[in-house]
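Shown next: upload-v1.txt, containing compact mmCIF, C-alpha atoms.
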# COMPACT_ATOMS: atom_id res chain seq x y z
CA MET M 1 0.00 0.00 0.00
CA ASN M 2 1.54 3.30 -0.96
CA TRP M 3 0.72 6.91 -0.19
CA GLU M 4 0.88 8.17 -3.77
CA TRP M 5 -2.78 9.21 -3.61
CA LEU M 6 -1.85 11.75 -0.92
CA LYS M 7 0.00 13.73 -3.59
CA GLY M 8 -3.39 14.59 -5.06
CA LEU M 9 -4.47 16.04 -1.74
CA PHE M 10 -1.33 17.90 -0.82
CA PRO M 11 0.36 19.36 -3.92
CA ALA M 12 3.58 20.16 -2.07
CA LEU M 13 4.13 16.41 -1.64
CA LYS M 14 4.58 16.10 -5.41
CA SER M 15 8.24 17.02 -4.96
CA VAL M 16 8.77 14.31 -2.31
CA ASN M 17 10.44 11.18 -3.61
CA LEU M 18 7.82 8.42 -3.76
CA ARG M 19 10.10 5.86 -2.10
CA LEU M 20 10.66 8.20 0.85
CA LEU M 21 6.96 9.00 1.05
CA ASN M 22 5.95 5.35 1.05
CA ASN M 23 8.24 4.55 3.96
CA ILE M 24 6.58 6.96 6.36
CA SER M 25 3.47 6.65 8.51
CA VAL M 26 0.44 8.90 8.24
CA SER M 27 -1.08 10.44 11.34
CA LEU M 28 -4.34 12.38 11.50
CA PHE M 29 -4.05 14.84 14.36
CA SER M 30 -6.48 17.41 15.58
CA ASN M 31 -5.56 20.78 17.05
CA ASN M 32 -5.78 24.49 16.37
CA ALA M 33 -2.46 24.78 14.53
CA LYS M 34 -2.70 26.53 11.17
CA ALA M 35 -0.56 24.08 9.23
CA THR M 36 -2.51 21.55 7.15
CA TYR M 37 0.28 19.03 7.34
CA ILE M 38 3.80 18.61 8.68
CA VAL M 39 6.25 16.06 7.32
CA ASP M 40 8.97 14.81 9.64
CA SER M 41 11.45 12.02 8.99
CA ARG M 42 8.98 9.23 9.72
CA THR M 43 5.48 10.67 9.65
CA LEU M 44 3.19 12.78 7.55
CA ASN M 45 1.09 14.55 10.19
CA VAL M 46 -2.20 15.79 8.75
CA ASN M 47 -4.22 18.38 10.68
CA TRP M 48 -7.82 17.17 10.46
CA ASN M 49 -9.19 20.56 11.54
CA GLN M 50 -7.61 22.30 8.57
CA LEU M 51 -8.92 19.92 5.90
CA THR M 52 -11.88 20.71 3.67
CA GLU M 53 -14.84 18.32 3.79
CA LYS M 54 -13.78 16.95 0.40
CA GLU M 55 -10.25 16.25 1.61
CA LYS M 56 -11.59 14.53 4.74
CA GLN M 57 -13.82 12.28 2.64
CA THR M 58 -10.93 11.39 0.30
CA ILE M 59 -8.86 10.24 3.28
CA LEU M 60 -11.73 8.38 4.97
CA ARG M 61 -12.59 6.52 1.74
CA ARG M 62 -9.04 5.18 1.73
CA ALA M 63 -9.16 3.86 5.30
CA PRO M 64 -11.03 0.56 4.57
CA LYS M 65 -8.70 -0.06 1.61
CA LEU M 66 -5.68 0.32 3.90
CA VAL M 67 -7.08 -2.27 6.31
CA ASN M 68 -7.99 -4.65 3.46
CA ARG M 69 -4.41 -4.46 2.25
CA GLY M 70 -3.03 -5.25 5.69
CA MET M 71 -2.28 -1.87 7.22
CA PRO M 72 -3.91 -1.32 10.62
CA VAL M 73 -5.75 1.93 11.24
CA LEU M 74 -5.00 2.79 14.85
CA GLU M 75 -5.89 5.35 17.47
CA GLU M 76 -2.63 7.23 18.09
CA ASP M 77 -2.32 6.52 21.85
CA PHE M 78 -2.89 2.80 21.22
CA ASN M 79 -0.18 2.84 18.57
CA SER M 80 2.26 4.57 20.95
CA LYS M 81 1.36 2.09 23.69
CA ALA M 82 1.95 -0.81 21.27
CA ASP M 83 5.43 0.58 20.48
CA ASP M 84 6.08 1.03 24.20
CA TYR M 85 4.95 -2.54 24.92
CA VAL M 86 7.23 -3.97 22.20
CA ALA M 87 10.20 -1.99 23.57
CA LYS M 88 9.59 -2.92 27.22
CA ILE M 89 8.75 -6.59 26.68
CA GLY M 90 11.93 -6.88 24.57
CA GLU M 91 14.16 -5.64 27.43
CA SER M 92 16.69 -8.34 28.26
CA ASP M 93 15.36 -9.26 31.73
CA ASN M 94 11.78 -9.59 30.46
CA ASP M 95 12.85 -11.49 27.38
CA GLU M 96 14.99 -13.86 29.43
CA LEU M 97 12.19 -14.56 31.93
CA LEU M 98 9.63 -15.21 29.18
CA ASN M 99 11.99 -17.60 27.42
CA TYR M 100 12.63 -19.41 30.69
CA PHE M 101 8.97 -19.96 31.49
CA LYS M 102 7.89 -20.80 27.94
CA GLU M 103 6.41 -24.32 28.06
CA LYS M 104 6.95 -24.50 31.85
CA ILE M 105 3.82 -22.65 32.91
CA PRO M 106 0.32 -23.21 31.48
CA LEU M 107 -0.13 -21.78 27.98
CA GLU M 108 -3.07 -19.61 29.10
CA ASP M 109 -0.88 -17.91 31.71
CA PHE M 110 1.70 -16.77 29.17
CA PRO M 111 -0.21 -13.67 27.94
CA ILE M 112 -0.93 -12.82 31.59
CA LEU M 113 2.78 -13.02 32.37
CA LYS M 114 3.55 -10.77 29.37
CA ALA M 115 0.96 -8.20 30.45
CA SER M 116 2.31 -8.40 34.01
CA LEU M 117 5.91 -7.88 32.90
CA TYR M 118 4.79 -4.84 30.93
CA LEU M 119 2.96 -3.55 34.00
CA ARG M 120 6.11 -4.06 36.09
CA SER M 121 8.26 -2.18 33.56
CA VAL M 122 5.80 0.73 33.60
CA LEU M 123 5.84 0.67 37.41
CA ARG M 124 9.65 0.65 37.51
CA ASN M 125 9.68 3.67 35.21
CA GLY M 126 7.43 5.54 37.63
CA GLY M 127 4.30 5.24 35.46
CA GLU M 128 0.67 4.89 36.57
CA THR M 129 -0.34 1.22 36.72
CA ARG M 130 -3.76 1.06 38.39
CA GLY M 131 -5.55 1.10 35.01
CA LEU M 132 -3.30 -1.67 33.61
CA LYS M 133 -3.87 -3.79 36.71
CA GLU M 134 -7.63 -3.42 36.37
CA GLU M 135 -7.50 -4.34 32.68
CA ILE M 136 -5.54 -7.52 33.48
CA SER M 137 -7.98 -8.46 36.28
CA ARG M 138 -11.02 -7.72 34.10
CA ARG M 139 -9.82 -10.02 31.32
CA TYR M 140 -8.13 -12.78 33.34
CA GLY M 141 -9.93 -12.64 36.70
CA LEU M 142 -8.28 -13.82 39.92
CA ARG M 143 -5.45 -15.52 38.03
CA GLY M 144 -4.63 -12.25 36.27
CA ARG M 145 -4.65 -10.31 39.53
CA ASN M 146 -2.46 -12.83 41.33
CA ILE M 147 0.09 -13.27 38.53
CA SER M 148 0.43 -9.51 38.08
CA ASN M 149 0.94 -9.08 41.85
CA LEU M 150 3.52 -11.88 41.99
CA CYS M 151 5.32 -10.61 38.91
CA SER M 152 5.38 -6.95 40.04
CA ALA M 153 6.97 -7.97 43.33
CA GLY M 154 9.63 -10.07 41.57
CA TYR M 155 8.36 -13.44 42.80
CA PHE M 156 8.69 -15.13 39.40
CA GLU M 157 12.45 -14.62 39.80
CA SER M 158 12.71 -15.10 43.56
CA TRP M 159 10.22 -17.98 44.09
CA VAL M 160 8.77 -19.56 40.98
CA ARG M 161 12.04 -19.98 39.09
CA PRO M 162 14.04 -21.30 42.08
CA ALA M 163 11.14 -23.68 42.81
CA TYR M 164 11.42 -25.08 39.26
CA GLU M 165 15.21 -25.28 39.43
CA GLU M 166 15.21 -27.12 42.76
CA MET M 167 12.41 -29.48 41.74
CA SER M 168 13.97 -30.29 38.37
CA LYS M 169 17.06 -31.65 40.16
CA LEU M 170 14.98 -34.37 41.81
CA PRO M 171 15.19 -37.79 40.16
CA LYS M 172 11.39 -38.23 40.02
CA PHE M 173 10.77 -34.73 38.64
CA THR M 174 7.96 -34.32 36.10
CA PRO M 175 6.62 -31.07 34.56
CA GLU M 176 3.27 -31.94 36.17
CA SER M 177 4.80 -32.00 39.65
CA PHE M 178 6.07 -28.45 39.09
CA LEU M 179 2.66 -27.36 37.79
CA LYS M 180 1.09 -28.45 41.10
CA VAL M 181 3.48 -26.25 43.05
CA TYR M 182 3.03 -23.44 40.53
CA GLU M 183 -0.76 -23.61 40.94
CA GLU M 184 -0.37 -23.38 44.71
CA ILE M 185 1.87 -20.32 44.33
CA VAL M 186 -0.44 -18.59 41.84
CA LEU M 187 -3.63 -19.28 43.77
CA ASN M 188 -2.46 -18.94 47.39
CA TYR M 189 1.07 -17.44 47.34
CA PRO M 190 1.71 -18.35 51.00
CA PHE M 191 4.82 -16.16 51.12
CA ALA M 192 3.18 -12.84 50.31
CA LEU M 193 0.22 -10.58 50.91
CA PHE M 194 -0.67 -7.81 48.48
CA VAL M 195 -2.75 -5.06 50.05
CA HIS M 196 -5.10 -3.29 47.65
CA HIS M 197 -7.17 -0.16 48.09
CA GLU M 198 -10.42 -2.02 48.88
CA MET M 199 -8.93 -3.82 51.91
CA SER M 200 -9.73 -2.46 55.37
CA GLY M 201 -7.36 -2.76 58.33
CA LYS M 202 -9.45 -5.68 59.59
CA ASP M 203 -9.20 -7.42 56.19
CA ILE M 204 -5.41 -7.03 56.31
CA GLU M 205 -5.24 -8.52 59.83
CA GLU M 206 -7.39 -11.48 58.81
CA SER M 207 -5.34 -12.07 55.68
CA ILE M 208 -2.10 -12.02 57.70
CA SER M 209 -3.54 -14.69 60.06
CA LYS M 210 -4.53 -16.91 57.12
CA LYS M 211 -1.14 -16.49 55.49
CA ILE M 212 0.64 -17.40 58.72
CA ASP M 213 -1.43 -20.59 58.90
CA LEU M 214 -0.37 -21.38 55.31
CA MET M 215 3.26 -20.62 56.14
CA ARG M 216 3.15 -23.10 59.04
CA LYS M 217 1.49 -25.66 56.77
CA TYR M 218 4.20 -25.32 54.08
CA GLY M 219 7.12 -24.78 56.50
CA ILE M 220 7.82 -21.28 55.23
CA SER M 221 9.45 -19.03 57.82
CA GLU M 222 9.00 -15.58 56.30
CA PHE M 223 6.58 -13.61 54.23
CA ASN M 224 6.22 -10.11 52.85
CA ILE M 225 3.36 -7.67 52.95
CA HIS M 226 3.33 -5.40 49.90
CA GLY M 227 1.58 -2.09 49.47
CA ILE M 228 1.71 0.56 46.77
CA GLY M 229 0.19 4.03 47.21
CA GLY M 230 0.02 6.34 50.22
CA GLU M 231 -3.31 5.02 51.51
CA ASN M 232 -2.19 1.37 51.43
CA VAL M 233 1.17 2.20 53.00
CA GLU M 234 -0.53 3.92 55.95
CA LYS M 235 -3.01 1.05 56.44
CA ILE M 236 -0.21 -1.53 56.52
CA LYS M 237 1.88 0.48 58.99
CA LYS M 238 -1.09 0.84 61.34
CA VAL M 239 -1.91 -2.89 61.23
CA ILE M 240 1.71 -3.93 61.73
CA GLU M 241 2.08 -1.67 64.77
CA ASN M 242 -0.74 -3.46 66.57
CA LEU M 243 -0.19 -6.95 65.18
CA LYS M 244 -0.55 -9.79 67.72
CA ILE M 245 0.62 -13.21 66.55
CA LYS M 246 1.18 -16.35 68.61
CA GLY M 247 4.87 -17.22 68.82
CA ARG M 248 7.91 -15.10 68.10
CA LEU M 249 7.75 -12.75 65.18
CA LYS M 250 10.38 -10.44 63.72
CA LYS M 251 9.35 -7.49 61.59
CA SER M 252 11.36 -5.37 59.21
CA VAL M 253 9.94 -2.48 57.21
CA LYS M 254 11.30 -1.19 53.92
CA GLU M 255 9.62 1.97 52.69
CA GLU M 256 10.52 3.85 49.54
CA GLY M 257 8.27 6.69 48.43
CA ASN M 258 4.79 5.27 48.15
CA ILE M 259 5.91 1.63 48.24
CA ILE M 260 6.19 -0.47 51.38
CA VAL M 261 7.40 -4.02 51.96
CA VAL M 262 7.06 -5.45 55.48
CA LYS M 263 8.93 -8.69 56.10
CA LEU M 264 7.57 -10.93 58.86
CA ILE M 265 9.79 -13.74 60.09
CA LEU M 266 8.34 -16.50 62.24
CA SER M 267 10.65 -18.26 64.61
CA MET V 1 9.32 0.98 13.06
CA LYS V 2 6.25 -0.28 11.17
CA LYS V 3 4.35 1.92 8.77
CA VAL V 4 0.95 2.76 10.23
CA PHE V 5 -2.06 4.98 9.73
CA THR V 6 -3.06 6.62 13.00
CA PHE V 7 -5.83 8.95 14.04
CA HIS V 8 -6.50 11.20 17.00
CA LYS V 9 -9.18 9.91 19.40
CA SER V 10 -11.51 12.76 18.41
CA ILE V 11 -11.59 11.43 14.81
CA GLY V 12 -12.61 7.89 15.86
CA PHE V 13 -16.26 8.48 14.98
CA ASN V 14 -15.33 9.60 11.43
CA ILE V 15 -13.13 6.53 11.00
CA LEU V 16 -15.96 4.22 12.09
CA SER V 17 -18.35 5.94 9.66
CA ALA V 18 -15.92 5.17 6.84
CA PHE V 19 -16.25 1.48 7.77
CA GLY V 20 -20.06 1.63 7.78
CA LYS V 21 -20.37 1.70 11.56
CA ARG V 22 -22.21 3.96 14.00
CA ILE V 23 -22.62 4.32 17.77
CA ASP V 24 -25.81 3.20 19.52
CA GLY V 25 -27.46 4.76 22.57
CA ASP V 26 -25.20 2.78 24.92
CA GLY V 27 -22.04 4.06 23.23
CA LEU V 28 -21.38 0.70 21.53
CA ILE V 29 -20.22 0.30 17.93
CA VAL V 30 -22.91 -1.06 15.61
CA ASP V 31 -22.86 -2.17 11.97
CA ASN V 32 -25.04 0.15 9.85
CA LYS V 33 -26.28 -2.64 7.56
CA THR V 34 -27.07 -5.39 10.05
CA GLY V 35 -27.76 -3.22 13.10
CA GLU V 36 -25.70 -5.69 15.14
CA ARG V 37 -23.11 -4.66 17.68
CA ILE V 38 -19.61 -5.48 16.48
CA LEU V 39 -17.38 -7.67 18.64
CA SER V 40 -13.69 -7.49 19.45
CA ARG V 41 -11.29 -10.39 18.87
CA ASN V 42 -12.23 -11.95 22.20
CA GLY V 43 -15.96 -11.55 21.62
CA GLU V 44 -16.66 -8.41 23.62
CA GLU V 45 -18.79 -5.48 22.48
CA VAL V 46 -16.71 -2.36 21.83
CA ASN V 47 -17.56 0.99 23.37
CA ILE V 48 -16.47 4.09 21.44
CA LYS V 49 -14.50 5.15 24.56
CA GLU V 50 -12.27 2.08 24.26
CA PHE V 51 -12.16 1.91 20.45
CA ALA V 52 -8.48 1.61 19.50
CA GLY V 53 -8.63 0.97 15.76
CA ILE V 54 -9.21 -1.62 13.07
CA THR V 55 -6.86 -4.25 11.77
CA LYS V 56 -6.76 -6.90 9.06
CA GLY V 57 -8.64 -10.19 9.29
CA SER V 58 -11.90 -9.05 7.69
CA GLU V 59 -11.91 -5.98 9.93
CA ILE V 60 -11.03 -6.77 13.53
CA TYR V 61 -12.18 -4.02 15.90
CA LEU V 62 -9.63 -3.36 18.60
CA LYS V 63 -10.19 -2.46 22.23
CA SER V 64 -7.67 -0.28 24.02
CA ASP V 65 -6.96 -2.51 27.07
CA ILE V 66 -3.56 -4.17 27.55
CA PRO V 67 -4.68 -7.79 26.84
CA SER V 68 -6.17 -6.64 23.49
CA LEU V 69 -3.01 -4.68 22.72
CA ILE V 70 -0.85 -7.74 23.37
CA GLU V 71 -3.07 -9.89 21.11
CA PHE V 72 -2.74 -7.24 18.40
CA VAL V 73 1.05 -7.09 18.69
CA GLU V 74 1.42 -10.89 18.90
CA SER V 75 -0.72 -11.36 15.80
CA GLY V 76 1.96 -9.56 13.80
CA ARG V 77 0.26 -6.13 13.98

Exercise: express the given structure as structure tokens:
Amino acid sequence: MNWEWLKGLFPALKSVNLRLLNNISVSLFSNNAKATYIVDSRTLNVNWNQLTEKEKQTILRRAPKLVNRGMPVLEEDFNSKADDYVAKIGESDNDELLNYFKEKIPLEDFPILKASLYLRSVLRNGGETRGLKEEISRRYGLRGRNISNLCSAGYFESWVRPAYEEMSKLPKFTPESFLKVYEEIVLNYPFALFVHHEMSGKDIEESISKKIDLMRKYGISEFNIHGIGGENVEKIKKVIENLKIKGRLKKSVKEEGNIIVVKLILS
Amino acid sequence: MKKVFTFHKSIGFNILSAFGKRIDGDGLIVDNKTGERILSRNGEEVNIKEFAGITKGSEIYLKSDIPSLIEFVESGR
């Protein structure tokens, strides 16, 4: 699909080499600038507000033809987000982790892991992630929420991968035996609690009690409470201050900006 | 970088019109000829607020959420 037809709309493009023109993208923008179009090295930016009705119709008539010939017609933010996703998911640590877990975790969890790794990269770059988290939960339910929580907190590297590596050394190891452990981690993650904005102080206390029971069941001696956002950080600090657990318990708090991780060690 | 045709969110309605689609009273995209609501790749109705574009495969209507974006990218864009 080439852009030659645009030369009919914008006479100044007639002097642009066709090969150069056909290698660029076309973007319809909308603002009060006076220019009808701006060509930069990669994009022909067309100002929708400055087009005549006839010019608009000429462009719109072409849109279905572009799609039929294999070129997507995309909302500009979505296109930028797609580029951002490709860049972030291709970062070496993400790429390495995805390659490692390919064919080790259930096939249906793979897109969830990809979405979760993207979420984590956005989070690490200081971006807003609440919307992304909700989108993952909406599509993938509890599994989506849990995997994104585990992934954001680095548990695929610190728990799931070591679990596989240790198990795979055993003589009777089978992929199915790992999947059982993996399911337990994804559904119950006995080593962590993720506090979200809908949890009250009482909910947090109850969840800690349940997790401690699970820890005793699985012989795990420590677990982390994670919170992101000022409101969650304050709730966790308040609960931890007044926490009463049978037996000896050590606490350590790591707080950075609006992120808190409280480590509880049972002895 | 792949060659693409992009549009500002405010032009989404015009783009849909070019594909013979309109918006119903609930904000969902509807086919002008059949009157039926169009569905995204994973079978969900598409609200104009989350309309992210159209791609090949006899016109696949894209939603803007991250799972849809990943499906779009993984399908070769």

Worksheet entry | At most 9 Å to chain V: residues in chain M, all atoms listed in the file, as a PyMOL selection string | chain M and resi 22-30+42-43+48+57+60-64+66-79+81-83+85-86+111-112+114-115+131-132+135-136+139-140

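Our summary of the geometry notes that atom CA of M:Gly141 is positioned 18.4 Å from atom CA of V:Ser40.
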
Worksheet entry | Spatial neighbours of M:Thr36, max dist 7 Å, all atoms listed in the file, sep filter under 4 positions, as JSON, numbers by chain | {"M": [46, 47, 50, 51]}

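The space separating atom CA of M:Ser148 from atom CA of M:Leu113 comes to 7.1 Å.
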
Please give the centre and size of the box around stretch 85-101 of chain M (axis-aligned, containing every atom listed in the file, 3 Å added per side), with values in Å to one decimal and written as JSON.
{"center_x": 10.8, "center_y": -11.0, "center_z": 27.1, "size_x": 17.7, "size_y": 24.0, "size_z": 15.7}

Practice prompt. Grab the atom CA of M:Ile228 to atom CA of M:Ile259 distance for me, in Å with one decimal place.
Written response: 4.6 Å

Discussion item. Can you pull out the residues contacting M:Gly230? Cut-off 9 Å, using all atoms listed in the file, and skip same-chain residues under 3 positions away; I want them as JSON, numbers by chain.
Written reply: {"M": [227, 233, 234, 235, 257, 258, 259]}

Worksheet entry | Non-local contacts of M:Glu206 (12 Å; only C-alpha atoms; under 2 positions in same chain excluded) as a PyMOL selection string | chain M and resi 193+195+199-204+208-213+239+243-245

Practice prompt. Tell me, as a PyMOL selection string, which residues lie within 9 Å of V:Glu45, counting only C-alpha atoms; anything in the same chain fewer than 5 positions away does not count.
Written response: chain V and resi 28-29+37-40

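Residues in contact with stretch 94-102 of chain M at up to 9 Å, not including ones fewer than 2 positions away on its chain and judged by all atoms listed in the file, are Lys88, Ile89, Gly90, Glu91, Ser92, Lys104, Ile105, Pro106, Leu107, Phe110, Leu113, Lys114, Leu117, Tyr118, Ser121, Phe156, Glu157 and Arg161 of chain M.
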